[in-house]
Structures are given as structure tokens and as C-alpha cells.
Amino acid sequence: MRTRRQAASVAASGTWRDPDGVRLPAGEVHAWTSGTNQTLCGLPLSRARLLRFPHVAWPDILPESGGSADRVQRVCPRCAAAMGRRRDERPWTRTDPRP
Ligand SMILES: [Zn+2]
């Protein structure tokens, strides 16, 4: 069974429907893994009144990359840290050998 970090879905404090009728997250958004009852940062979904979006992948709600981020007002920083940044954002150094 694969449990890659990128497989996380989304839980959010609000919802709306896009023109196609797809339920999308709004408001404050947390990372959530399908099959668990709490967010990645430890909030219990029911007590925090968070809605689950098993069909929305975490990267989709990130303002810089997501296609489902239109109504997202806040991305939980602890969940974001837990998910890690995208691989292509890691710093790299150019090796520049002299001639
Ligand atoms: Zn969170």
C-alpha cells in the first residue's frame, strides 16, 4: 500500500460549487488523508467542523499551483509544512568549473 505524502486530500472550513457543479474547498484549508478523522496538523474533523474533499488533491488548493484555489482564503501553515514544499523548489547550486 502506497502512502505517499502527495496523496493527501483536503479538508476545509467552507465549500462552494464551481460552474460544473464540483464541490470545492473554501475558507481555511487543511491537509487530510482519506481514512483518517483528523487533519495532518491534528485537528479533529468533526469538532473543528471541517468538510472533507476526498476528490481534491492537496496541490490543487495551493495558490501558486492549484486549479481549485479560487476561494481558498488561508492554507494552514502547519499542514503546509507537514506536506513539504514542492521538490523543484529546493535550492540547488550550479557547479561552474573554470576552464
Ligand atoms: Zn492544518
# chains A, B, ... in the order shown; residues from 1 in each chain; ligands from 1

call {"tool": "residues_around", "arguments": {"residues": "A:Ala48", "least_positions_apart": "5", "cutoff": "10 Å", "atoms": "only C-alpha atoms", "output": "PyMOL selection string"}}
result
chain A and resi 12-13+38-39+43

call {"tool": "write_last_selection", "arguments": {"atoms": "C-alpha atoms", "output": "JSON list (two decimals), in the first residue's frame"}}
result
[["chain", "number", "residue", "atom", "x", "y", "z"],
["A", 12, "ALA", "CA", -11.78, 22.96, 4.59],
["A", 13, "SER", "CA", -13.99, 25.22, 6.67],
["A", 38, "GLN", "CA", -8.20, 14.40, 11.65],
["A", 39, "THR", "CA", -6.15, 16.82, 9.64],
["A", 43, "LEU", "CA", -7.44, 18.91, 14.19]]

call {"tool": "residues_around", "arguments": {"residues": "A:Val75", "least_positions_apart": "6", "cutoff": "9 Å", "atoms": "only C-alpha atoms", "output": "list in words"}}
result
Gly27, Glu28, Val29, His30, Ala31, Ile61, Leu62 and Pro63 of chain A

call {"tool": "write_last_selection", "arguments": {"atoms": "all heavy atoms", "output": "short mmCIF file (atom, residue, chain, number, x, y, z; two decimals), in the first residue's frame"}}
result
data_model
loop_
_atom_site.label_atom_id
_atom_site.label_comp_id
_atom_site.auth_asym_id
_atom_site.auth_seq_id
_atom_site.Cartn_x
_atom_site.Cartn_y
_atom_site.Cartn_z
N GLY A 27 -12.39 28.99 2.23
CA GLY A 27 -12.03 29.39 3.58
C GLY A 27 -10.67 28.84 3.98
O GLY A 27 -9.72 28.91 3.22
N GLU A 28 -10.62 28.29 5.19
CA GLU A 28 -9.36 27.75 5.68
C GLU A 28 -9.23 26.29 5.28
O GLU A 28 -10.15 25.50 5.44
CB GLU A 28 -9.30 27.88 7.21
CG GLU A 28 -7.98 27.39 7.77
CD GLU A 28 -7.79 27.78 9.23
OE1 GLU A 28 -7.80 28.98 9.51
OE2 GLU A 28 -7.66 26.88 10.06
N VAL A 29 -8.07 25.96 4.76
CA VAL A 29 -7.87 24.64 4.20
C VAL A 29 -6.75 23.90 4.92
O VAL A 29 -5.70 24.48 5.21
CB VAL A 29 -7.53 24.76 2.69
CG1 VAL A 29 -7.20 23.40 2.10
CG2 VAL A 29 -8.69 25.39 1.95
N HIS A 30 -7.00 22.64 5.22
CA HIS A 30 -6.01 21.77 5.84
C HIS A 30 -5.77 20.56 4.95
O HIS A 30 -6.61 20.22 4.12
CB HIS A 30 -6.49 21.27 7.20
CG HIS A 30 -6.71 22.35 8.20
ND1 HIS A 30 -5.76 22.68 9.14
CD2 HIS A 30 -7.75 23.20 8.39
CE1 HIS A 30 -6.23 23.68 9.89
NE2 HIS A 30 -7.42 24.01 9.45
N ALA A 31 -4.64 19.93 5.18
CA ALA A 31 -4.37 18.66 4.51
C ALA A 31 -5.02 17.53 5.31
O ALA A 31 -5.02 17.55 6.54
CB ALA A 31 -2.87 18.43 4.39
N ILE A 61 -5.02 23.08 -4.14
CA ILE A 61 -5.53 24.23 -3.40
C ILE A 61 -4.42 25.24 -3.06
O ILE A 61 -4.70 26.26 -2.45
CB ILE A 61 -6.28 23.81 -2.13
CG1 ILE A 61 -5.39 22.95 -1.20
CG2 ILE A 61 -7.53 23.03 -2.49
CD1 ILE A 61 -4.47 23.70 -0.31
N LEU A 62 -3.20 24.93 -3.45
CA LEU A 62 -2.12 25.88 -3.19
C LEU A 62 -2.23 27.04 -4.16
O LEU A 62 -2.35 26.82 -5.37
CB LEU A 62 -0.76 25.18 -3.34
CG LEU A 62 -0.50 24.06 -2.33
CD1 LEU A 62 0.83 23.39 -2.61
CD2 LEU A 62 -0.54 24.60 -0.91
N PRO A 63 -2.22 28.26 -3.66
CA PRO A 63 -2.43 29.42 -4.53
C PRO A 63 -1.44 29.48 -5.69
O PRO A 63 -1.80 29.93 -6.78
CB PRO A 63 -2.23 30.61 -3.58
CG PRO A 63 -2.53 30.07 -2.23
CD PRO A 63 -2.10 28.63 -2.24
#

call {"tool": "closest_residue", "arguments": {"among": "A:Gly35, A:Ser46, A:Asp60, A:Val10", "to": "A:Cys79", "atoms": "only C-alpha atoms"}}
result
A:Val10

call {"tool": "closest_residue", "arguments": {"among": "A:Pro77, A:Gly67, A:Pro25, A:Gly84", "to": "ligand 1", "atoms": "only C-alpha atoms and all ligand atoms"}}
result
A:Pro77

call {"tool": "select_by_dssp", "arguments": {"residues": "stretch 10-40 of chain A", "states": "strand (DSSP E)", "output": "list in words"}}
result
Val10, Ala11, Ala12, Ser13, Gly14, Thr15, Trp16, Arg17, Arg23, Leu24, Pro25, Ala26, Gly27, Glu28, Val29, His30, Ala31 and Trp32 of chain A

call {"tool": "write_last_selection", "arguments": {"atoms": "N, CA, C and O atoms", "output": "PDB file, in the first residue's frame"}}
result
ATOM      1  N   VAL A  10      -7.938  17.084   1.012  1.00  0.00           N
ATOM      2  CA  VAL A  10      -8.157  18.411   1.585  1.00  0.00           C
ATOM      3  C   VAL A  10      -9.362  18.399   2.515  1.00  0.00           C
ATOM      4  O   VAL A  10     -10.359  17.736   2.247  1.00  0.00           O
ATOM      5  N   ALA A  11      -9.250  19.111   3.611  1.00  0.00           N
ATOM      6  CA  ALA A  11     -10.403  19.422   4.462  1.00  0.00           C
ATOM      7  C   ALA A  11     -10.451  20.936   4.606  1.00  0.00           C
ATOM      8  O   ALA A  11      -9.410  21.582   4.749  1.00  0.00           O
ATOM      9  N   ALA A  12     -11.666  21.506   4.569  1.00  0.00           N
ATOM     10  CA  ALA A  12     -11.780  22.959   4.586  1.00  0.00           C
ATOM     11  C   ALA A  12     -12.968  23.406   5.420  1.00  0.00           C
ATOM     12  O   ALA A  12     -13.894  22.647   5.673  1.00  0.00           O
ATOM     13  N   SER A  13     -12.930  24.677   5.810  1.00  0.00           N
ATOM     14  CA  SER A  13     -13.986  25.216   6.666  1.00  0.00           C
ATOM     15  C   SER A  13     -15.227  25.607   5.864  1.00  0.00           C
ATOM     16  O   SER A  13     -16.288  25.819   6.438  1.00  0.00           O
ATOM     17  N   GLY A  14     -15.083  25.712   4.570  1.00  0.00           N
ATOM     18  CA  GLY A  14     -16.223  26.106   3.758  1.00  0.00           C
ATOM     19  C   GLY A  14     -16.220  25.393   2.427  1.00  0.00           C
ATOM     20  O   GLY A  14     -15.278  24.665   2.095  1.00  0.00           O
ATOM     21  N   THR A  15     -17.274  25.609   1.655  1.00  0.00           N
ATOM     22  CA  THR A  15     -17.354  24.963   0.357  1.00  0.00           C
ATOM     23  C   THR A  15     -18.142  25.826  -0.619  1.00  0.00           C
ATOM     24  O   THR A  15     -18.870  26.735  -0.219  1.00  0.00           O
ATOM     25  N   TRP A  16     -17.945  25.557  -1.871  1.00  0.00           N
ATOM     26  CA  TRP A  16     -18.736  26.195  -2.924  1.00  0.00           C
ATOM     27  C   TRP A  16     -18.742  25.263  -4.117  1.00  0.00           C
ATOM     28  O   TRP A  16     -18.022  24.245  -4.127  1.00  0.00           O
ATOM     29  N   ARG A  17     -19.571  25.554  -5.099  1.00  0.00           N
ATOM     30  CA  ARG A  17     -19.593  24.720  -6.290  1.00  0.00           C
ATOM     31  C   ARG A  17     -19.164  25.540  -7.490  1.00  0.00           C
ATOM     32  O   ARG A  17     -19.622  26.656  -7.684  1.00  0.00           O
ATOM     33  N   ARG A  23     -17.886  20.228  -6.068  1.00  0.00           N
ATOM     34  CA  ARG A  23     -17.706  20.798  -4.739  1.00  0.00           C
ATOM     35  C   ARG A  23     -16.236  21.106  -4.515  1.00  0.00           C
ATOM     36  O   ARG A  23     -15.392  20.239  -4.641  1.00  0.00           O
ATOM     37  N   LEU A  24     -15.939  22.347  -4.169  1.00  0.00           N
ATOM     38  CA  LEU A  24     -14.552  22.753  -3.966  1.00  0.00           C
ATOM     39  C   LEU A  24     -14.398  23.422  -2.608  1.00  0.00           C
ATOM     40  O   LEU A  24     -15.345  23.985  -2.074  1.00  0.00           O
ATOM     41  N   PRO A  25     -13.196  23.346  -2.060  1.00  0.00           N
ATOM     42  CA  PRO A  25     -12.970  23.907  -0.725  1.00  0.00           C
ATOM     43  C   PRO A  25     -12.899  25.428  -0.739  1.00  0.00           C
ATOM     44  O   PRO A  25     -12.478  26.053  -1.712  1.00  0.00           O
ATOM     45  N   ALA A  26     -13.324  26.024   0.398  1.00  0.00           N
ATOM     46  CA  ALA A  26     -13.244  27.468   0.575  1.00  0.00           C
ATOM     47  C   ALA A  26     -12.821  27.753   2.009  1.00  0.00           C
ATOM     48  O   ALA A  26     -12.885  26.888   2.881  1.00  0.00           O
ATOM     49  N   GLY A  27     -12.388  28.993   2.234  1.00  0.00           N
ATOM     50  CA  GLY A  27     -12.027  29.390   3.580  1.00  0.00           C
ATOM     51  C   GLY A  27     -10.671  28.836   3.983  1.00  0.00           C
ATOM     52  O   GLY A  27      -9.719  28.912   3.218  1.00  0.00           O
ATOM     53  N   GLU A  28     -10.624  28.286   5.189  1.00  0.00           N
ATOM     54  CA  GLU A  28      -9.363  27.752   5.683  1.00  0.00           C
ATOM     55  C   GLU A  28      -9.227  26.291   5.275  1.00  0.00           C
ATOM     56  O   GLU A  28     -10.150  25.503   5.437  1.00  0.00           O
ATOM     57  N   VAL A  29      -8.074  25.964   4.759  1.00  0.00           N
ATOM     58  CA  VAL A  29      -7.866  24.641   4.197  1.00  0.00           C
ATOM     59  C   VAL A  29      -6.748  23.902   4.922  1.00  0.00           C
ATOM     60  O   VAL A  29      -5.696  24.477   5.213  1.00  0.00           O
ATOM     61  N   HIS A  30      -7.002  22.638   5.220  1.00  0.00           N
ATOM     62  CA  HIS A  30      -6.009  21.770   5.840  1.00  0.00           C
ATOM     63  C   HIS A  30      -5.768  20.565   4.948  1.00  0.00           C
ATOM     64  O   HIS A  30      -6.605  20.220   4.125  1.00  0.00           O
ATOM     65  N   ALA A  31      -4.639  19.926   5.184  1.00  0.00           N
ATOM     66  CA  ALA A  31      -4.368  18.655   4.507  1.00  0.00           C
ATOM     67  C   ALA A  31      -5.019  17.529   5.306  1.00  0.00           C
ATOM     68  O   ALA A  31      -5.020  17.546   6.538  1.00  0.00           O
ATOM     69  N   TRP A  32      -5.552  16.566   4.590  1.00  0.00           N
ATOM     70  CA  TRP A  32      -6.254  15.459   5.220  1.00  0.00           C
ATOM     71  C   TRP A  32      -6.047  14.214   4.384  1.00  0.00           C
ATOM     72  O   TRP A  32      -6.106  14.267   3.157  1.00  0.00           O
TER      73      TRP A  32
END

call {"tool": "closest_residue", "arguments": {"among": "A:Gly66, A:Gly21, A:Pro99, A:Gly42", "to": "A:Ala82", "atoms": "only C-alpha atoms"}}
result
A:Gly42

call {"tool": "select_by_dssp", "arguments": {"residues": "stretch 8-82 of chain A", "states": "helix (DSSP H, G or I)", "output": "number ranges by chain"}}
result
A: 58-61, 77-82

call {"tool": "closest_residue", "arguments": {"among": "A:Pro54, A:Pro59, A:Pro19, A:Pro44", "to": "ligand 1", "atoms": "only C-alpha atoms and all ligand atoms"}}
result
A:Pro44

call {"tool": "atom_distance", "arguments": {"atom1": "atom CA of A:Arg49", "atom2": "atom CA of A:Asp20"}}
result
25.2 Å

call {"tool": "closest_residue", "arguments": {"among": "A:Arg78, A:Leu51, A:Val22, A:Arg71", "to": "ligand 1", "atoms": "only C-alpha atoms and all ligand atoms"}}
result
A:Arg78
